[in-house]
>>> print(open('protein.csv').read())   # CSV, C-alpha atoms
chain,number,residue,atom,x,y,z
A,1,MET,CA,-37.9,120.8,-12.8
A,2,MET,CA,-39.7,118.6,-10.3
A,3,PRO,CA,-43.4,118.0,-10.9
A,4,ILE,CA,-45.6,119.6,-8.2
A,5,ASP,CA,-48.6,117.3,-8.7
A,6,LEU,CA,-48.1,114.0,-6.9
A,7,SER,CA,-50.2,112.2,-9.5
A,8,HIS,CA,-47.4,112.9,-12.0
A,9,PRO,CA,-46.0,109.7,-13.7
A,10,ALA,CA,-42.5,110.4,-12.2
A,11,TYR,CA,-43.9,109.4,-8.8
A,12,HIS,CA,-45.6,106.2,-10.1
A,13,ASP,CA,-43.8,105.0,-13.3
A,14,ASP,CA,-40.2,103.9,-13.3
A,15,ASN,CA,-39.3,105.0,-16.8
A,16,ALA,CA,-40.8,108.5,-16.2
A,17,ALA,CA,-38.8,108.7,-12.9
A,18,ARG,CA,-35.6,107.6,-14.6
A,19,GLU,CA,-36.0,110.2,-17.4
A,20,LEU,CA,-36.7,112.9,-14.8
A,21,LEU,CA,-33.6,112.0,-12.7
A,22,GLU,CA,-31.5,111.9,-15.8
A,23,GLY,CA,-32.7,115.4,-16.8
A,24,ILE,CA,-31.9,116.7,-13.3
A,25,ARG,CA,-28.4,115.1,-13.1
A,26,TRP,CA,-27.4,115.7,-16.7
A,27,PRO,CA,-29.2,118.8,-18.0
A,28,ASN,CA,-26.4,119.5,-20.6
A,29,GLY,CA,-25.8,115.9,-21.7
A,30,VAL,CA,-24.8,112.6,-20.1
A,31,THR,CA,-21.6,112.8,-18.1
A,32,CYS,CA,-19.7,109.6,-17.1
A,33,PRO,CA,-19.7,109.4,-13.2
A,34,HIS,CA,-16.6,107.2,-13.4
A,35,CYS,CA,-14.2,109.4,-15.4
A,36,GLY,CA,-16.1,112.6,-15.9
A,37,SER,CA,-16.1,112.4,-19.7
A,38,ILE,CA,-18.8,114.7,-21.2
A,39,ASP,CA,-19.2,113.5,-24.8
A,40,GLN,CA,-18.1,109.8,-24.6
A,41,ALA,CA,-21.3,108.2,-23.3
A,42,ARG,CA,-23.8,106.4,-25.4
A,43,ALA,CA,-27.1,104.6,-24.5
A,44,LEU,CA,-26.9,100.9,-24.4
A,45,ALA,CA,-29.8,99.0,-26.1
A,46,GLY,CA,-30.8,95.4,-25.3
A,47,LYS,CA,-33.4,93.6,-23.3
A,48,SER,CA,-30.7,92.0,-21.0
A,49,MET,CA,-29.5,95.4,-19.7
A,50,GLY,CA,-32.9,97.2,-19.5
A,51,PRO,CA,-33.4,100.9,-20.2
A,52,GLY,CA,-31.2,103.6,-18.7
A,53,TRP,CA,-27.8,102.0,-19.2
A,54,PHE,CA,-24.9,104.0,-20.7
A,55,TYR,CA,-21.5,103.0,-21.9
A,56,CYS,CA,-18.5,105.4,-21.7
A,57,GLY,CA,-16.1,105.1,-24.6
A,58,ALA,CA,-13.3,106.9,-22.6
A,59,CYS,CA,-13.1,104.6,-19.5
A,60,LYS,CA,-14.9,101.6,-21.1
A,61,ASP,CA,-17.3,101.3,-18.1
A,62,LYS,CA,-21.1,101.1,-17.8
A,63,PHE,CA,-23.3,103.2,-15.6
A,64,THR,CA,-26.9,104.4,-14.9
A,65,VAL,CA,-28.4,107.5,-13.3
A,66,ARG,CA,-28.1,105.7,-10.0
A,67,THR,CA,-24.3,105.4,-10.2
A,68,GLY,CA,-22.5,107.6,-7.7
A,69,THR,CA,-25.6,108.6,-5.8
A,70,VAL,CA,-27.2,107.6,-2.5
A,71,TYR,CA,-29.5,105.2,-4.3
A,72,GLU,CA,-26.8,103.3,-6.1
A,73,ARG,CA,-27.2,99.5,-5.8
A,74,SER,CA,-30.7,100.0,-4.4
A,75,HIS,CA,-33.3,97.6,-5.5
A,76,ILE,CA,-36.1,100.1,-4.8
A,77,PRO,CA,-37.7,101.4,-8.0
A,78,LEU,CA,-36.7,104.9,-9.0
A,79,HIS,CA,-40.3,106.2,-8.9
A,80,LYS,CA,-40.4,105.2,-5.2
A,81,TRP,CA,-37.2,107.1,-4.6
A,82,THR,CA,-38.6,110.3,-6.2
A,83,LEU,CA,-41.7,110.0,-4.1
A,84,GLY,CA,-39.6,109.4,-1.0
A,85,PHE,CA,-37.6,112.5,-1.7
A,86,ARG,CA,-40.8,114.5,-2.2
A,87,LEU,CA,-42.3,113.2,1.1
A,88,PHE,CA,-39.2,114.1,3.1
A,89,ALA,CA,-38.7,117.5,1.5
A,90,SER,CA,-42.4,118.6,2.1
A,91,SER,CA,-42.9,117.3,5.6
A,92,LYS,CA,-42.0,120.1,8.0
A,93,LYS,CA,-41.5,117.9,11.1
A,94,GLY,CA,-40.3,114.8,9.3
A,95,PHE,CA,-41.6,111.5,7.9
A,96,SER,CA,-41.2,108.3,9.9
A,97,ALA,CA,-39.8,105.1,8.4
A,98,HIS,CA,-43.0,103.3,9.4
A,99,GLN,CA,-45.1,105.8,7.4
A,100,LEU,CA,-42.6,105.5,4.5
A,101,HIS,CA,-42.9,101.7,4.6
A,102,ARG,CA,-46.7,101.9,4.4
A,103,THR,CA,-46.8,104.7,1.8
A,104,LEU,CA,-44.3,103.2,-0.6
A,105,GLY,CA,-45.2,99.5,0.0
A,106,ILE,CA,-41.7,98.5,0.8
A,107,THR,CA,-40.3,96.6,3.9
A,108,TYR,CA,-39.7,98.6,7.1
A,109,LYS,CA,-36.0,97.8,6.9
A,110,SER,CA,-35.8,99.2,3.4
A,111,ALA,CA,-37.8,102.3,4.4
A,112,TRP,CA,-35.5,102.9,7.4
A,113,PHE,CA,-32.4,102.6,5.2
A,114,MET,CA,-34.0,104.7,2.5
A,115,ALA,CA,-34.8,107.5,5.0
A,116,HIS,CA,-31.2,107.7,6.1
A,117,ARG,CA,-29.9,107.9,2.6
A,118,ILE,CA,-32.3,110.7,1.8
A,119,ARG,CA,-31.0,112.5,4.9
A,120,GLU,CA,-27.5,111.9,3.7
A,121,ALA,CA,-28.4,113.6,0.4
A,122,MET,CA,-29.8,116.6,2.4
A,123,THR,CA,-26.4,117.1,4.2
A,124,ASP,CA,-25.1,120.6,3.7
A,125,GLY,CA,-22.2,120.5,1.3
A,126,ASP,CA,-21.6,124.2,1.3
A,127,PRO,CA,-18.5,125.1,3.3
A,128,ALA,CA,-19.2,128.8,3.3
A,129,PRO,CA,-19.7,130.2,6.8
A,130,LEU,CA,-23.0,131.7,7.8
A,131,GLY,CA,-23.5,135.4,8.2
A,132,GLY,CA,-21.3,138.2,7.1
A,133,LYS,CA,-21.2,142.0,7.2
A,134,ASP,CA,-24.5,143.4,8.5
A,135,LYS,CA,-25.9,139.9,9.0
A,136,VAL,CA,-27.1,138.4,12.3
A,137,VAL,CA,-26.4,134.8,13.3
A,138,GLU,CA,-28.3,133.5,16.3
A,139,ILE,CA,-26.5,130.8,18.4
A,140,ASP,CA,-28.0,128.5,21.0
A,141,GLU,CA,-27.7,124.9,22.4
A,142,ALA,CA,-30.4,122.4,23.1
A,143,TYR,CA,-30.6,118.9,24.5
A,144,THR,CA,-32.5,116.0,23.0
A,145,GLY,CA,-33.0,112.4,24.3
A,146,PRO,CA,-34.1,111.0,27.6
A,147,THR,CA,-33.2,112.9,30.7
A,148,LYS,CA,-34.4,110.3,33.3
A,149,VAL,CA,-34.0,106.7,34.0
A,150,ILE,CA,-37.3,104.9,34.6
A,151,TYR,CA,-37.2,101.8,36.8
A,152,LYS,CA,-39.6,99.8,39.0
A,153,ASN,CA,-39.4,99.1,42.7
A,154,LYS,CA,-41.9,97.7,45.2
A,155,GLY,CA,-43.7,101.1,45.3
A,156,GLY,CA,-44.3,101.2,41.6
A,157,TRP,CA,-42.7,103.0,38.7
A,158,MET,CA,-40.2,105.7,39.6
A,159,LYS,CA,-38.2,108.3,37.7
A,160,LYS,CA,-34.6,109.1,38.7
A,161,GLN,CA,-31.8,111.0,37.1
A,162,GLY,CA,-28.9,108.5,36.7
A,163,ALA,CA,-25.7,107.6,34.9
A,164,ASN,CA,-27.6,105.7,32.3
A,165,ALA,CA,-29.6,108.7,31.2
A,166,ARG,CA,-28.3,110.1,28.0
A,167,ARG,CA,-28.7,113.6,26.7
A,168,ASP,CA,-27.4,114.7,23.3
A,169,ASN,CA,-26.0,118.2,23.0
A,170,VAL,CA,-27.1,120.1,19.9
A,171,LEU,CA,-25.5,123.4,18.9
A,172,SER,CA,-27.4,125.3,16.2
A,173,LEU,CA,-26.4,128.4,14.2
A,174,VAL,CA,-29.2,130.2,12.4
A,175,GLU,CA,-28.6,133.1,10.0
A,176,ARG,CA,-31.5,135.4,10.4
A,177,GLY,CA,-33.5,135.2,7.2
A,178,GLY,CA,-31.2,132.5,5.9
A,179,ARG,CA,-29.7,129.1,6.5
A,180,ALA,CA,-29.4,126.9,9.6
A,181,ARG,CA,-26.5,124.6,10.5
A,182,SER,CA,-26.6,122.2,13.5
A,183,PHE,CA,-24.1,120.0,15.2
A,184,ARG,CA,-24.1,117.2,17.7
A,185,ILE,CA,-21.4,117.9,20.3
A,186,HIS,CA,-20.3,115.8,23.3
A,187,GLU,CA,-19.9,118.8,25.6
A,188,VAL,CA,-21.0,122.4,25.6
A,189,THR,CA,-17.5,123.8,26.5
A,190,LEU,CA,-15.5,126.8,25.3
A,191,PRO,CA,-13.0,124.8,23.2
A,192,VAL,CA,-15.7,122.7,21.4
A,193,VAL,CA,-18.1,125.7,20.7
A,194,ALA,CA,-15.2,127.9,19.7
A,195,LYS,CA,-14.0,125.4,17.1
A,196,VAL,CA,-17.5,125.2,15.5
A,197,LEU,CA,-18.0,129.0,15.4
A,198,ALA,CA,-14.6,129.6,13.9
A,199,GLN,CA,-15.4,127.2,11.0
A,200,HIS,CA,-19.0,128.1,10.4
A,201,VAL,CA,-19.7,131.8,11.4
A,202,HIS,CA,-18.2,134.7,9.4
A,203,PRO,CA,-16.1,137.0,11.6
A,204,GLU,CA,-17.9,140.1,10.3
A,205,SER,CA,-21.2,138.8,11.6
A,206,THR,CA,-23.2,140.1,14.5
A,207,VAL,CA,-24.0,137.2,16.8
A,208,HIS,CA,-26.9,137.0,19.2
A,209,THR,CA,-26.8,134.5,22.1
A,210,ASP,CA,-28.2,134.1,25.6
A,211,THR,CA,-26.1,135.0,28.6
A,212,ALA,CA,-24.2,131.7,28.9
A,213,GLY,CA,-20.7,132.2,30.2
A,214,ILE,CA,-18.9,130.6,27.2
A,215,TYR,CA,-20.2,133.3,24.8
A,216,LYS,CA,-18.7,136.2,26.7
A,217,SER,CA,-15.2,135.6,25.3
A,218,LEU,CA,-16.4,134.0,22.1
A,219,GLY,CA,-18.4,137.0,21.2
A,220,LYS,CA,-15.3,139.1,21.0
A,221,LYS,CA,-14.2,137.2,17.9
A,222,PHE,CA,-17.1,138.7,15.8
A,223,ALA,CA,-18.0,142.2,14.7
A,224,LYS,CA,-20.6,142.5,17.4
A,225,HIS,CA,-22.1,140.4,20.2
A,226,GLU,CA,-25.4,141.0,21.8
A,227,SER,CA,-27.2,138.8,24.3
A,228,VAL,CA,-30.6,138.4,26.0
A,229,ASN,CA,-31.0,137.4,29.6
A,230,HIS,CA,-33.5,134.5,29.7
A,231,THR,CA,-33.2,134.1,33.5
A,232,GLU,CA,-34.6,137.6,33.9
A,233,LYS,CA,-37.4,136.7,31.4
A,234,GLU,CA,-35.8,139.0,28.8
A,235,TYR,CA,-36.5,137.4,25.4
A,236,ALA,CA,-36.1,140.4,23.1
A,237,ARG,CA,-34.5,143.8,23.3
A,238,GLY,CA,-35.2,145.7,20.1
A,239,ASN,CA,-34.0,143.4,17.4
A,240,VAL,CA,-31.7,141.6,19.8
A,241,THR,CA,-33.2,138.1,20.3
A,242,THR,CA,-32.6,134.4,19.9
A,243,ASN,CA,-36.2,133.7,19.0
A,244,THR,CA,-35.3,132.6,15.5
A,245,VAL,CA,-33.0,129.8,16.7
A,246,GLU,CA,-35.5,129.0,19.4
A,247,GLY,CA,-38.2,128.7,16.7
A,248,PHE,CA,-35.9,126.2,14.8
A,249,PHE,CA,-35.5,124.2,18.0
A,250,SER,CA,-39.3,124.1,18.5
A,251,ILE,CA,-39.7,122.5,15.0
A,252,PHE,CA,-36.8,120.1,15.6
A,253,LYS,CA,-38.0,118.9,19.0
A,254,ARG,CA,-41.6,118.5,17.9
A,255,GLY,CA,-40.3,116.3,15.0
A,256,MET,CA,-38.0,114.2,17.1
A,257,THR,CA,-40.6,113.6,19.9
A,258,GLY,CA,-43.8,113.5,17.8
A,259,ILE,CA,-42.7,111.9,14.5
A,260,TYR,CA,-39.5,110.0,15.2
A,261,GLN,CA,-39.9,109.4,18.9
A,262,HIS,CA,-36.5,107.8,19.2
A,263,CYS,CA,-33.1,108.6,17.7
A,264,GLY,CA,-30.0,106.6,18.2
A,265,GLU,CA,-27.0,108.7,19.1
A,266,GLN,CA,-25.1,107.5,16.0
A,267,HIS,CA,-27.8,108.8,13.7
A,268,LEU,CA,-28.5,112.3,15.2
A,269,ARG,CA,-26.1,114.0,12.7
A,270,ARG,CA,-28.3,113.0,9.8
A,271,TYR,CA,-31.6,114.0,11.6
A,272,LEU,CA,-30.1,117.4,12.2
A,273,ALA,CA,-29.1,117.6,8.5
A,274,GLU,CA,-32.7,116.9,7.5
A,275,PHE,CA,-34.1,119.6,9.7
A,276,ASP,CA,-31.4,122.1,8.7
A,277,PHE,CA,-32.2,121.4,5.0
A,278,ARG,CA,-35.9,122.0,5.3
A,279,TYR,CA,-35.4,125.1,7.3
A,280,SER,CA,-32.7,126.6,5.0
A,281,TYR,CA,-34.9,126.1,2.0
A,282,ARG,CA,-38.2,127.1,3.5
A,283,VAL,CA,-41.0,129.0,1.8
A,284,ALA,CA,-39.8,132.3,3.4
A,285,CYS,CA,-36.6,131.9,1.5
A,286,GLY,CA,-38.4,131.3,-1.8
A,287,TYR,CA,-38.5,127.5,-2.0
A,288,ASP,CA,-41.7,125.5,-2.4
A,289,ASP,CA,-42.0,121.7,-1.9
A,290,ALA,CA,-41.0,120.9,-5.5
A,291,ALA,CA,-37.9,123.2,-5.5
A,292,ARG,CA,-36.9,121.7,-2.1
A,293,THR,CA,-37.2,118.2,-3.6
A,294,LEU,CA,-35.1,119.2,-6.6
A,295,LEU,CA,-32.3,120.4,-4.3
A,296,ALA,CA,-32.4,117.2,-2.2
A,297,ILE,CA,-32.2,115.0,-5.4
A,298,LYS,CA,-29.3,117.1,-6.7
A,299,GLY,CA,-27.6,116.6,-3.3
A,300,ALA,CA,-27.8,112.8,-3.8
A,301,GLU,CA,-25.0,112.9,-6.3
A,302,GLY,CA,-21.5,112.1,-5.1
A,303,LYS,CA,-22.6,110.6,-1.8
A,304,ARG,CA,-22.9,107.0,-0.8
A,305,LEU,CA,-24.2,105.4,2.4
A,306,THR,CA,-24.1,101.7,2.7
A,307,TYR,CA,-26.2,99.8,5.3
A,308,ILE,CA,-23.0,99.0,7.3
A,309,GLN,CA,-22.0,102.7,7.3
A,310,SER,CA,-25.5,103.7,8.5
A,311,ARG,CA,-25.1,101.4,11.6
A,312,ILE,CA,-21.7,102.7,12.6
A,313,ARG,CA,-21.5,105.1,15.5
A,314,ASP,CA,-20.5,108.6,14.4
A,315,ALA,CA,-17.5,110.4,15.9
A,316,ALA,CA,-18.8,113.7,17.1
>>> encode(input="protein.csv", output="structure tokens")
Amino acid sequence: MMPIDLSHPAYHDDNAARELLEGIRWPNGVTCPHCGSIDQARALAGKSMGPGWFYCGACKDKFTVRTGTVYERSHIPLHKWTLGFRLFASSKKGFSAHQLHRTLGITYKSAWFMAHRIREAMTDGDPAPLGGKDKVVEIDEAYTGPTKVIYKNKGGWMKKQGANARRDNVLSLVERGGRARSFRIHEVTLPVVAKVLAQHVHPESTVHTDTAGIYKSLGKKFAKHESVNHTEKEYARGNVTTNTVEGFFSIFKRGMTGIYQHCGEQHLRRYLAEFDFRYSYRVACGYDDAARTLLAIKGAEGKRLTYIQSRIRDAA
């Protein structure tokens, strides 16, 4: 269980953090991350190796609690990783790399990379679709990023819509009273949105949308489809509304403009995963900051993100 008090040694002492992470990862005994052997690992003693090293008698390989996680091969102390996870899990609108750099006392480059690896750990690994019988899934799109090109002429600074202005399309699915799942998409078109909904929304769900044309035919693939007409200032009709997904977007946009301020197109997927994670495991669903941190740390296992990978442009 994650400590609630930020003065706990796990957030300030490396041995305490290591023991905590080992307990989270291996609650029933140390398991080799290389071959999966359960009862073949033994602790290695010796000043040259340092504490926390294990040797697997089955595959003859060594490992630590870092092996096979997002913090593998990181030189950042484990207690700073546990605190970093806690800060990201408990900050509703995000935690900037500059603030992480100042709080943890690490370089900005290390803080930037650490932040992306924490977001990678928060990525939803549950393939189960949202919704189901008698459940409502709200669907909507939003746009993030600059909408105007700013340039200077003889008359002063001007704003103009232009070819160099980029807007990222975000499609979000929010199960009412449950999880959120968001996607960066190149175009808000029928084929693109249909593919996402087919994979991530249960066909027995009731879906609520606005009156955008693409949803007229897509809604027929689900148990029931209801819509609200925002152009006529209709935002709710009984329990038919998209206010839940709009509320998710309000948190996301405030975080992106107020905390992060700028997001490269190649990184948007991980930022979306971060906001999805905190929303899906919010207090209303029974998760406090410590429980949310615990889930994020558990999500670190089986995922790797190298610095080169973090700089590569994603294929949407």
>>> atom_distance(input="protein.csv", atom1="CA of Arg25 (chain A)", atom2="CA of Leu294 (chain A)")
10.2 Å
>>> residues_near_point(input="protein.csv", point="(-15.6, 129.2, 14.3)", cutoff="12 Å", atoms="only C-alpha atoms", output="list in words")
Ala128, Pro129, Leu130, Gly131, Ile139, Leu173, Leu190, Pro191, Val192, Val193, Ala194, Lys195, Val196, Leu197, Ala198, Gln199, His200, Val201, His202, Pro203, Glu204, Ser205, Val207, Leu218, Gly219, Lys220, Lys221 and Phe222 of chain A
>>> atom_distance(input="protein.csv", atom1="CA of Ile106 (chain A)", atom2="CA of Ser74 (chain A)")
12.3 Å
>>> atom_distance(input="protein.csv", atom1="CA of Val170 (chain A)", atom2="CA of Thr211 (chain A)")
17.3 Å
>>> closest_residue(input="protein.csv", among="A:Phe63, A:Trp81, A:Tyr71, A:Tyr143", to="Asp168 (chain A)", atoms="all atoms listed in the file")
A:Tyr143
>>> closest_residue(input="protein.csv", among="A:Ala58, A:Val136, A:Lys298, A:Pro77", to="Ile38 (chain A)", atoms="only C-alpha atoms")
A:Ala58
>>> closest_residue(input="protein.csv", among="A:Asn15, A:Arg179, A:Lys133, A:Glu22", to="Met1 (chain A)", atoms="only C-alpha atoms")
A:Glu22
>>> residues_around(input="protein.csv", residues="region 256-264 of chain A", least_positions_apart="5", cutoff="8 Å", atoms="all atoms listed in the file", output="PDB file with C-alpha atoms, in the frame of the given file")
ATOM      1  CA  LYS A  93     -41.500 117.900  11.100  1.00  0.00           C
ATOM      2  CA  GLY A  94     -40.300 114.800   9.300  1.00  0.00           C
ATOM      3  CA  PHE A  95     -41.600 111.500   7.900  1.00  0.00           C
ATOM      4  CA  SER A  96     -41.200 108.300   9.900  1.00  0.00           C
ATOM      5  CA  GLY A 145     -33.000 112.400  24.300  1.00  0.00           C
TER       6      GLY A 145
END
>>> residues_around(input="protein.csv", residues="Glu120 (chain A)", least_positions_apart="5", cutoff="10 Å", atoms="all atoms listed in the file", output="list in words")
Val70, Met114, Ala115, Arg269, Arg270, Tyr271, Ala273, Glu274, Ala296, Gly299, Ala300, Lys303, Arg304, Leu305 and Ser310 of chain A
>>> build_atoms(input="protein.csv", residues="region 233-248 of chain A", atoms="N, CA and C atoms", output="PDB file, in the coordinates of the input")
ATOM      1  N   LYS A 233     -36.221 136.732  32.277  1.00  0.00           N
ATOM      2  CA  LYS A 233     -37.400 136.700  31.400  1.00  0.00           C
ATOM      3  C   LYS A 233     -37.290 137.812  30.300  1.00  0.00           C
ATOM      4  N   GLU A 234     -36.053 138.076  29.891  1.00  0.00           N
ATOM      5  CA  GLU A 234     -35.800 139.000  28.800  1.00  0.00           C
ATOM      6  C   GLU A 234     -35.635 138.111  27.514  1.00  0.00           C
ATOM      7  N   TYR A 235     -36.571 138.218  26.568  1.00  0.00           N
ATOM      8  CA  TYR A 235     -36.500 137.400  25.400  1.00  0.00           C
ATOM      9  C   TYR A 235     -36.263 138.230  24.100  1.00  0.00           C
ATOM     10  N   ALA A 236     -36.414 139.524  24.209  1.00  0.00           N
ATOM     11  CA  ALA A 236     -36.100 140.400  23.100  1.00  0.00           C
ATOM     12  C   ALA A 236     -35.846 141.800  23.608  1.00  0.00           C
ATOM     13  N   ARG A 237     -34.855 142.455  22.999  1.00  0.00           N
ATOM     14  CA  ARG A 237     -34.500 143.800  23.300  1.00  0.00           C
ATOM     15  C   ARG A 237     -34.276 144.533  21.990  1.00  0.00           C
ATOM     16  N   GLY A 238     -35.335 145.174  21.477  1.00  0.00           N
ATOM     17  CA  GLY A 238     -35.200 145.700  20.100  1.00  0.00           C
ATOM     18  C   GLY A 238     -35.158 144.537  19.149  1.00  0.00           C
ATOM     19  N   ASN A 239     -34.125 144.545  18.315  1.00  0.00           N
ATOM     20  CA  ASN A 239     -34.000 143.400  17.400  1.00  0.00           C
ATOM     21  C   ASN A 239     -32.989 142.369  17.933  1.00  0.00           C
ATOM     22  N   VAL A 240     -32.566 142.544  19.183  1.00  0.00           N
ATOM     23  CA  VAL A 240     -31.700 141.600  19.800  1.00  0.00           C
ATOM     24  C   VAL A 240     -32.516 140.450  20.414  1.00  0.00           C
ATOM     25  N   THR A 241     -32.389 139.250  19.874  1.00  0.00           N
ATOM     26  CA  THR A 241     -33.200 138.100  20.300  1.00  0.00           C
ATOM     27  C   THR A 241     -32.585 136.824  19.810  1.00  0.00           C
ATOM     28  N   THR A 242     -32.933 135.740  20.455  1.00  0.00           N
ATOM     29  CA  THR A 242     -32.600 134.400  19.900  1.00  0.00           C
ATOM     30  C   THR A 242     -33.856 133.649  19.575  1.00  0.00           C
ATOM     31  N   ASN A 243     -34.932 134.386  19.328  1.00  0.00           N
ATOM     32  CA  ASN A 243     -36.200 133.700  19.000  1.00  0.00           C
ATOM     33  C   ASN A 243     -36.177 132.943  17.729  1.00  0.00           C
ATOM     34  N   THR A 244     -35.318 133.355  16.773  1.00  0.00           N
ATOM     35  CA  THR A 244     -35.300 132.600  15.500  1.00  0.00           C
ATOM     36  C   THR A 244     -34.685 131.230  15.709  1.00  0.00           C
ATOM     37  N   VAL A 245     -33.567 131.118  16.420  1.00  0.00           N
ATOM     38  CA  VAL A 245     -33.000 129.800  16.700  1.00  0.00           C
ATOM     39  C   VAL A 245     -33.880 128.996  17.612  1.00  0.00           C
ATOM     40  N   GLU A 246     -34.569 129.677  18.538  1.00  0.00           N
ATOM     41  CA  GLU A 246     -35.500 129.000  19.400  1.00  0.00           C
ATOM     42  C   GLU A 246     -36.670 128.406  18.583  1.00  0.00           C
ATOM     43  N   GLY A 247     -37.105 129.148  17.558  1.00  0.00           N
ATOM     44  CA  GLY A 247     -38.200 128.700  16.700  1.00  0.00           C
ATOM     45  C   GLY A 247     -37.699 127.418  15.906  1.00  0.00           C
ATOM     46  N   PHE A 248     -36.425 127.425  15.475  1.00  0.00           N
ATOM     47  CA  PHE A 248     -35.900 126.200  14.800  1.00  0.00           C
ATOM     48  C   PHE A 248     -35.894 125.050  15.752  1.00  0.00           C
TER      49      PHE A 248
END
